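Notes to accompany the following structure.
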Amino acid sequence: MTDKQNHFRFLASFVFIYFFAQAMSVSLLTLWLRSTLQLSGAEAGVVFSANFIAAMCSQPVYGFISDKVGTRKHILWAVGTLCSLCGLFFVYVYAPLLKANLLLGAAVGGVYLGVTFIAGSYAIESYVDRIGRRHGFEYSRVRLCGSLGFASAAMLTGHLYNINPGINFFIASGAGLLLIAMLALWKTGGGADDEATSAAGKVKLADALGLLGDPKFWRFMVFILGVTNLYLVFDQQFPSYFASLFPTPQQGAAMFGYLNSAQIFIEAGGLFLSPLLVRRIGAKRGLMLAGTIMLLRIGGSSFAVGPLSISVLKMLHSLELPILVVSVFRYIAHHFDNRLASTLYMVGVSFGHSLGLAILSPLVGKSYDLLGFPATYLLLAGLGAVFLALSAWALEATPPEIKRMNSPAPLAKESNASVS
């Protein structure tokens, strides 16, 4: 087996199981907070805000360590170990704390969920991108296995939640133990990894901090902070709104599990095909296209009537996300130093998401209580349209990588920048 095959198969399996654990833990987190623990929209917003504040604090550290250790498995070990503790944490720590003291429970839960399933997912994606660029396979081809893992879990979460939410959390723990076993047994290779680690060791703190003085970084952040954050905050409490459209919360939870699973299976196909589209239109146009679909989904949800129309709009996420994630990595590869790819992804994308969501989550949660879901969705779509227009000006031009006649168009930067 070649190094490329070895790395691809290991990462595809690891990502599948990790996102399976993530879905078991957080895909119905809103329902668990609002139905099982009886929190209000504003209180749930405080919990989500705490999650993203904790993630925000850990993301720069994740990114810098990732660039320092290169292809070694330190980050994977940390995330796998934390996943294995999921059941014990939710049942015996998180739920009792939230009932006894909301702020304390939100703070403790924020540290665990932020590091494990928010910052952790970005760290794993950045690791996959690094290995993919070095060994010549597409990041999105591995990431689609994560979507399949998430979808496989989403098929089960609704029914298991109706039996006992704790079942979902302990299944996530089992998946975490499987990740640990894989890391203990799997050999990722020697020579290429050593070379990568040596190169990564040249990264200094000053290099990472230098990103903050780069105008291109802040132009990129206009899109991250103003556009992509809105779809994330929209998705936070969407399961609660969706479930409210059904006769009983139990039926709504089960149906959301089915819908979420179907959407993510289609998303996996999109992750397979989206590199072809993004290479042809360029990363900037890919970001703008993803943002447009995103705003149509959010704004359309304010006018949707009944489960059918809202489900159709939810399925747009399966088109939007693949284009977005591929475009983000290709934009970074074209415009920034690849030695700092992990730091930039964790600070720019991941930290930017957490910063925006830490601010937006309680505000949007309060808006749900005061104005209702449809009116809040319309406000989010309007705000996103303003930032999407600004992004069209702020983002750097990014040429297509494939010309119309299928002849490659060389990138202006590093020779390895076209593979992400």
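Here's how to read the names in the structure tokens: chain A, B, ... by the order shown, residue numbers from 1 in each chain, ligand numbers from 1 in the order shown.
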Self-check item: For Pro249 of chain A: contacts at 12 Å, only C-alpha atoms, fewer than 5 positions along chain excluded, given as a count of residues only
Solution: 18
Quiz item: Contacts of segment 368-384 of chain A at 12 Å or less, counting only C-alpha atoms, minus same-chain residues fewer than 5 places along, as a VMD selection string?
Solution: chain A and resid 39 to 45 222 to 242 244 to 245 288 291 to 306 310 360 to 363 389 to 391
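Compared by their closest atoms to Phe150 of chain A, and using only C-alpha atoms, the residues A:Gly282, A:Gly257, A:Gly114, A:Gly87 rank with A:Gly257 nearest.
Comparing A:Thr81, A:Val364, A:Ala394, A:Phe8 by their smallest distance to Val46 of chain A, the closest is A:Val364 (using only C-alpha atoms).
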Practice problem: Fewer than 5 positions away in the same chain doesn't count, so skip those; otherwise give me all residues within 7 Å of segment 325-331 of chain A, counting only C-alpha atoms, as a VMD selection string. | Solution: chain A and resid 140 274 to 275 278 283 to 284 286 to 287 420
